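J.: Structure provided below as structure tokens; questions to follow.
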Amino acid sequence: MDPFASPHNLDKQLQSLLGEASSLLCDWFADTGNQAPLPDSFDLPEVTPKKEGESNKVLLRELQLLMNGAYRPSHPGALAHLDPPPLSVSIIGELICAGLNNNLLAEELSPSLSSLERKLCKWFCEKLDLGDLSGGVVASGGSLSNLMALVIARNISGLASDPSAVFFASDDCHVSLLKAVQIMGLKSESLQKVPTDEKGKLNISCLSSLYKKLKSEGKKCFAVVATAGTTVRGAIDPLLEITQFCQQEEIWLHVDGAIGGVYGLSTHTSGLIEGIGSADSITVNPQKLLGIAKTSSLLLLANKNHLSCTFATGLPYAEPLRGNDFHGGELGIQGTRSAECLKLWIGLRQLGMDGIEKILLDSVERRCFLESLIDTSKIKIISGPLHLLAFTPINFNSSQARDWSEKTRNFLLKSNFMLSRPIYRERYYLKAVLGNPHTKLDDLKLLAKLINDSIA
Ligand SMILES: *Cc1c(COP(=O)(O)O)cnc(C)c1O
């Protein structure tokens with residue numbers, strides 16, 4: 001077979017290869033219920049290319065090996081992480097995206113798709129109330145969106161060359177902020193952690209007093225990061241109070257809404273993240289709950305010019321654009337970028353607003369249901385208003401909790417429930433993320449029973 005599709009004739013070989021590969025994938029989905037979320041073991045195909053290329057038959061067989069060893073997000077018991085199954089059309093989006101092989105670096109390498117990305121980001125901005133000047137950019141993951149937000153915030157506040165400048169985020173903020181500190185050449189104490197309250201939300205009076213102390217030491221602050229949906233328990237920082245603080249002190253507010261941001265898309269759930277529209281920038285990860293195939297993250301800004309102010313370098317090898325728009329490669333850290341907006345766009349169109357709302361409400365309902373079944377006379381639950389919860393035995397010391405978490409995770413895996421085992425406040429928990437649309441209430445009844453029985 002010619003390894004490149006014919007530009008002249010209908011490529012029958014490509015057509016049948018796509019058909020066979022689709023069948024493999026559909027069979028893989030269909031077999032999921034008979035398998036576990038995680039395979040016990042797996043074989044890898046040969047990794048390096050031989051002198052002569054392999055036939056499609058061999059390639060498909062090798063593909064099957066990898067599929068057999070894959071994690072299965074659509075298993076009803078796959079509840080460990082923020083990794084739901086992909087929407088069917090989001091798979092198509094990824095396939096077509098690869099086929100088109102356009103590049104969001106420059107308009108001339110992706111005319112329709114660059115325009116789609118701008119419009120889609122704008123739609124998200126409008127849904128989250130970011131105002132008239134808003135706009136955004138798609139990024140390969142929330143860590144990158146957060147990093148870009150912090151780089152912009154530091155730049156806009158004029159502190160780009162001040163190595164002692166700091167930013168604030170809660171004790172429960174995401175590890176990607178720590179990574180940003182490393183990348184941005186900041187000192188480790190540049191990320192000032194603010195204590196949280198008993199619900200895992202940033203304590204606003206602690207923020208005020210830490211900021212006063214900072215000012216008295218003559219140091220400057222370039223951003224506050226509020227988390228809308230923390231990774232272990234789904235807590236939402238007090239966005240209205242933090243906004244007020246930031247406006248008063250004229251500090252950039254970034255909301256890490258990698259988990260909670262999508263709740264702003266439905267009027268039934270947007271109250272959970274009330275105030276998010278006053279942020280200067282927001283990270284949203286549609287990959288984490290809406291079923292958009294990985295990766296799918298957006299960085300949204302109240303003023304979209306801040307993207308180009310920070311990242312535009314000129315693209316001397318691309319045709320200049322008319323008007324005020326910038327090439328995709330001038331709006332963020334990434335240069336060459338695939339059209340991740342394609343699978344996001346088609347996925348949202350497939351769901352419609354009703355489908356989006358259903359995913360959000362069903363996920364919260366599953367979390368509430370599981371929470372209601374866990375025996376709180378022996379188990380402590382930590383959760384917020386979203387679709388995650390974590391729990392640990394009440395009467396165990398920390399080493400007993402560690403042993404329990406390991407034993408129970410393995411035991412649950414044998415019953416085809418996969419939970420994760422985060423360490424939170426130096427103690428082990430088990431965590432369930434209820435964003436999987438295949439998990440039924442009966443599954444959760446069984447899970448709750450196993451959890452309750454795990455402690456005598
Ligand atoms: C997952 C997550 C991120 C990072 O997103 P990636 O896509 O994994 O890079 C950032 N913040 C929060 C709160 C998250 O849960």
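FYI, nothing fancy with the structure tokens labels: chains A, B, ... in order, residues from 1 per chain, ligands from 1 as they appear.
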Taking 4 positions as the minimum chain separation for residues in the same chain, which residues sit within 10 Å of Leu113 of chain A when counting only C-alpha atoms? Answer as a ChimeraX atom specification.

T.: /A:97,102-104,107,109,117-119,338-342

J.: Pull all heavy atoms from the residues just selected and write them as a tab-separated table (two decimals), in the first residue's frame.

T.:
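Saved the output as out_36.tsv:
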```tsv
chain	number	residue	atom	x	y	z
A	97	CYS	N	-9.32	15.48	12.07
A	97	CYS	CA	-8.25	16.43	12.39
A	97	CYS	C	-6.90	15.89	11.91
A	97	CYS	O	-6.11	16.60	11.28
A	97	CYS	CB	-8.25	16.66	13.89
A	97	CYS	SG	-6.95	17.72	14.49
A	102	ASN	N	-4.02	20.02	9.48
A	102	ASN	CA	-3.83	21.46	9.44
A	102	ASN	C	-3.03	21.89	10.67
A	102	ASN	O	-2.82	21.10	11.60
A	102	ASN	CB	-5.19	22.17	9.43
A	102	ASN	CG	-5.77	22.31	8.02
A	102	ASN	OD1	-6.45	23.27	7.70
A	102	ASN	ND2	-5.50	21.34	7.11
A	103	ASN	N	-2.60	23.13	10.64
A	103	ASN	CA	-1.72	23.62	11.70
A	103	ASN	C	-2.26	24.95	12.20
A	103	ASN	O	-2.37	25.92	11.44
A	103	ASN	CB	-0.30	23.78	11.12
A	103	ASN	CG	0.73	24.09	12.19
A	103	ASN	OD1	0.39	24.49	13.31
A	103	ASN	ND2	1.99	23.92	11.84
A	104	LEU	N	-2.58	25.00	13.49
A	104	LEU	CA	-3.13	26.23	14.07
A	104	LEU	C	-2.06	27.28	14.29
A	104	LEU	O	-2.37	28.38	14.77
A	104	LEU	CB	-3.86	25.91	15.39
A	104	LEU	CG	-5.34	25.57	15.31
A	104	LEU	CD1	-6.16	26.85	15.13
A	104	LEU	CD2	-5.68	24.61	14.20
A	107	GLU	N	-2.71	31.07	10.06
A	107	GLU	CA	-4.00	31.11	9.37
A	107	GLU	C	-3.94	30.37	8.03
A	107	GLU	O	-4.86	29.65	7.66
A	107	GLU	CB	-4.36	32.58	9.16
A	107	GLU	CG	-5.82	32.86	9.02
A	107	GLU	CD	-6.55	33.01	10.34
A	107	GLU	OE1	-5.91	33.09	11.42
A	107	GLU	OE2	-7.79	33.04	10.30
A	109	LEU	N	-2.32	27.90	7.20
A	109	LEU	CA	-2.22	26.45	7.33
A	109	LEU	C	-3.49	25.85	7.93
A	109	LEU	O	-3.56	24.63	8.15
A	109	LEU	CB	-1.02	26.09	8.22
A	109	LEU	CG	0.35	26.41	7.62
A	109	LEU	CD1	1.45	26.22	8.67
A	109	LEU	CD2	0.62	25.52	6.41
A	117	GLU	N	-11.71	28.07	15.85
A	117	GLU	CA	-11.16	28.15	17.21
A	117	GLU	C	-11.49	29.50	17.86
A	117	GLU	O	-11.92	29.56	19.02
A	117	GLU	CB	-9.64	27.93	17.21
A	117	GLU	CG	-9.03	28.14	18.59
A	117	GLU	CD	-7.55	27.80	18.70
A	117	GLU	OE1	-7.18	26.67	18.34
A	117	GLU	OE2	-6.77	28.66	19.16
A	118	ARG	N	-11.30	30.58	17.10
A	118	ARG	CA	-11.61	31.91	17.65
A	118	ARG	C	-13.07	32.01	18.08
A	118	ARG	O	-13.40	32.48	19.16
A	118	ARG	CB	-11.34	32.99	16.60
A	118	ARG	CG	-9.93	33.55	16.63
A	118	ARG	CD	-9.87	34.86	15.87
A	118	ARG	NE	-10.04	34.65	14.44
A	118	ARG	CZ	-9.06	34.32	13.60
A	118	ARG	NH1	-7.83	34.15	14.04
A	118	ARG	NH2	-9.31	34.14	12.32
A	119	LYS	N	-13.96	31.53	17.19
A	119	LYS	CA	-15.40	31.65	17.47
A	119	LYS	C	-15.80	30.78	18.66
A	119	LYS	O	-16.64	31.15	19.48
A	119	LYS	CB	-16.20	31.25	16.24
A	119	LYS	CG	-15.99	32.21	15.07
A	119	LYS	CD	-17.32	32.50	14.37
A	119	LYS	CE	-17.29	33.83	13.65
A	119	LYS	NZ	-16.61	33.79	12.36
A	338	SER	N	-2.24	21.07	16.68
A	338	SER	CA	-3.31	20.44	15.89
A	338	SER	C	-4.62	21.17	16.18
A	338	SER	O	-4.72	21.93	17.14
A	338	SER	CB	-3.42	18.96	16.23
A	338	SER	OG	-4.00	18.81	17.49
A	339	ALA	N	-5.61	20.90	15.34
A	339	ALA	CA	-6.89	21.62	15.46
A	339	ALA	C	-7.76	20.94	16.51
A	339	ALA	O	-8.77	20.30	16.20
A	339	ALA	CB	-7.59	21.67	14.12
A	340	GLU	N	-7.36	21.09	17.78
A	340	GLU	CA	-8.12	20.43	18.86
A	340	GLU	C	-9.53	21.00	18.97
A	340	GLU	O	-10.41	20.37	19.57
A	340	GLU	CB	-7.37	20.57	20.17
A	340	GLU	CG	-6.02	19.86	20.16
A	340	GLU	CD	-5.38	19.76	21.53
A	340	GLU	OE1	-6.09	19.84	22.54
A	340	GLU	OE2	-4.15	19.60	21.58
A	341	CYS	N	-9.72	22.19	18.40
A	341	CYS	CA	-11.06	22.79	18.43
A	341	CYS	C	-12.07	21.95	17.65
A	341	CYS	O	-13.27	22.00	17.92
A	341	CYS	CB	-11.02	24.20	17.86
A	341	CYS	SG	-10.37	24.29	16.18
A	342	LEU	N	-11.59	21.13	16.72
A	342	LEU	CA	-12.50	20.37	15.87
A	342	LEU	C	-13.32	19.36	16.67
A	342	LEU	O	-14.55	19.30	16.58
A	342	LEU	CB	-11.68	19.67	14.77
A	342	LEU	CG	-12.39	18.89	13.69
A	342	LEU	CD1	-13.51	19.69	13.08
A	342	LEU	CD2	-11.40	18.49	12.61
```

J.: What residues have any atom no more than 7 Å from ligand 1 when counting only C-alpha atoms and all ligand atoms, and can you list them as JSON, numbers by chain?

T.: {"A": [141, 142, 143, 144, 146, 173, 174, 176, 227, 229, 230, 231, 256, 257, 258, 259, 285, 295, 297]}

J.: Counting only C-alpha atoms, what is within 8 Å of Ile451 of chain A, bar same-chain residues fewer than 4 positions away, as a JSON list (two decimals) with all heavy atoms, in the first residue's frame?

T.:
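Everything below was put into part-v4.json:
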```
[["chain", "number", "residue", "atom", "x", "y", "z"],
["A", 374, "ILE", "N", -22.76, 6.16, 51.76],
["A", 374, "ILE", "CA", -21.55, 5.83, 52.53],
["A", 374, "ILE", "C", -21.83, 6.03, 54.02],
["A", 374, "ILE", "O", -22.43, 7.03, 54.43],
["A", 374, "ILE", "CB", -20.35, 6.67, 52.05],
["A", 374, "ILE", "CG1", -19.97, 6.25, 50.62],
["A", 374, "ILE", "CG2", -19.15, 6.50, 52.98],
["A", 374, "ILE", "CD1", -18.82, 7.00, 50.01],
["A", 408, "THR", "N", -7.99, -1.65, 50.02],
["A", 408, "THR", "CA", -9.34, -1.45, 49.49],
["A", 408, "THR", "C", -9.32, -1.12, 48.01],
["A", 408, "THR", "O", -10.16, -1.58, 47.24],
["A", 408, "THR", "CB", -10.07, -0.34, 50.30],
["A", 408, "THR", "OG1", -9.99, -0.68, 51.68],
["A", 408, "THR", "CG2", -11.52, -0.24, 49.89],
["A", 447, "LEU", "N", -20.95, -0.48, 44.94],
["A", 447, "LEU", "CA", -19.69, 0.17, 45.35],
["A", 447, "LEU", "C", -19.78, 0.63, 46.80],
["A", 447, "LEU", "O", -18.87, 0.40, 47.60],
["A", 447, "LEU", "CB", -19.39, 1.36, 44.41],
["A", 447, "LEU", "CG", -18.17, 2.20, 44.79],
["A", 447, "LEU", "CD1", -16.89, 1.37, 44.78],
["A", 447, "LEU", "CD2", -18.03, 3.40, 43.84],
["A", 455, "ILE", "N", -14.46, -1.54, 56.22],
["A", 455, "ILE", "CA", -14.08, -1.17, 57.58],
["A", 455, "ILE", "C", -14.98, -1.92, 58.56],
["A", 455, "ILE", "O", -16.20, -1.83, 58.45],
["A", 455, "ILE", "CB", -14.21, 0.33, 57.80],
["A", 455, "ILE", "CG1", -13.35, 1.09, 56.80],
["A", 455, "ILE", "CG2", -13.82, 0.72, 59.22],
["A", 455, "ILE", "CD1", -13.81, 2.49, 56.56]]
```

J.: Give me the residues near Ile152 of chain A as a PyMOL selection string, where near means some atom within 8 Å (using only C-alpha atoms) and where sequence neighbours in that chain fewer than 4 positions away do not count.

T.: chain A and resi 148+156+306-307+310

J.: Quick one: residues within 10 Å of Phe222 of chain A, only C-alpha atoms counted, chain neighbours fewer than 5 positions away excluded, as JSON, numbers by chain?

T.: {"A": [150, 151, 152, 153, 154, 155, 156, 157, 158, 159, 160, 165, 166, 167, 168, 250, 251, 252, 253]}

J.: Give me every strand (DSSP E or B) residue in segment 44-263 of chain A, going by DSSP on the backbone, as JSON, numbers by chain.

T.: {"A": [78, 135, 136, 137, 138, 139, 166, 167, 168, 169, 170, 191, 192, 193, 194, 196, 202, 221, 222, 223, 224, 225, 226, 227, 228, 236, 252, 253, 254, 255, 256, 257]}

J.: Which residue is closest to Lys219 of chain A? Choose from A:Asp442, A:Asp162, A:Gln15, A:Leu413 and count only C-alpha atoms.

T.: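 Of all the options, A:Asp162 lies closest to Lys219 of chain A.
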
J.: Might you pull out every residue within 6 Å of segment 269-284 of chain A, with only C-alpha atoms counted and same-chain residues fewer than 4 positions away left off, and present them as a PyMOL selection string?

T.: chain A and resi 128-130+145+239-240+253-258+261+263-264+297-302

J.: Based on the backbone DSSP call, show me all residues of segment 186-339 of chain A assigned helix (DSSP H, G or I), as a ChimeraX atom specification.

T.: /A:188-190,204-216,239-249,261-265,270-273,276-278,305-311,328-330

J.: Within 8 Å of segment 74-81 of chain A, counting only C-alpha atoms, which residues qualify if same-chain residues fewer than 4 places away don't, as a ChimeraX atom specification?

T.: /A:29,32-33,35-37,85,416-420,431-440,443

J.: Rounded to one decimal, what separation in Å do you get between atom CA of Cys221 of chain A and atom CA of Lys187 of chain A?

T.: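 A separation of 13.2 Å between them.
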
J.: Which residue out of A:Ser112, A:Gln64, A:Ser363, A:Gln334 has the minimum interatomic distance to Val138 of chain A when only C-alpha atoms are used?

T.: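 The shortest atom-to-atom distance to Val138 of chain A comes from A:Gln334.
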
J.: What is the distance between atom CA of Ile356 of chain A and atom CA of Ser266 of chain A, in Å to one decimal?

T.: 7.5 Å

J.: Which one is closest to Pro39 of chain A: A:Pro86, A:Leu207, A:Ala456, A:Lys414? Count only C-alpha atoms.

T.: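 So, comparing all the options, the nearest one is A:Lys414.
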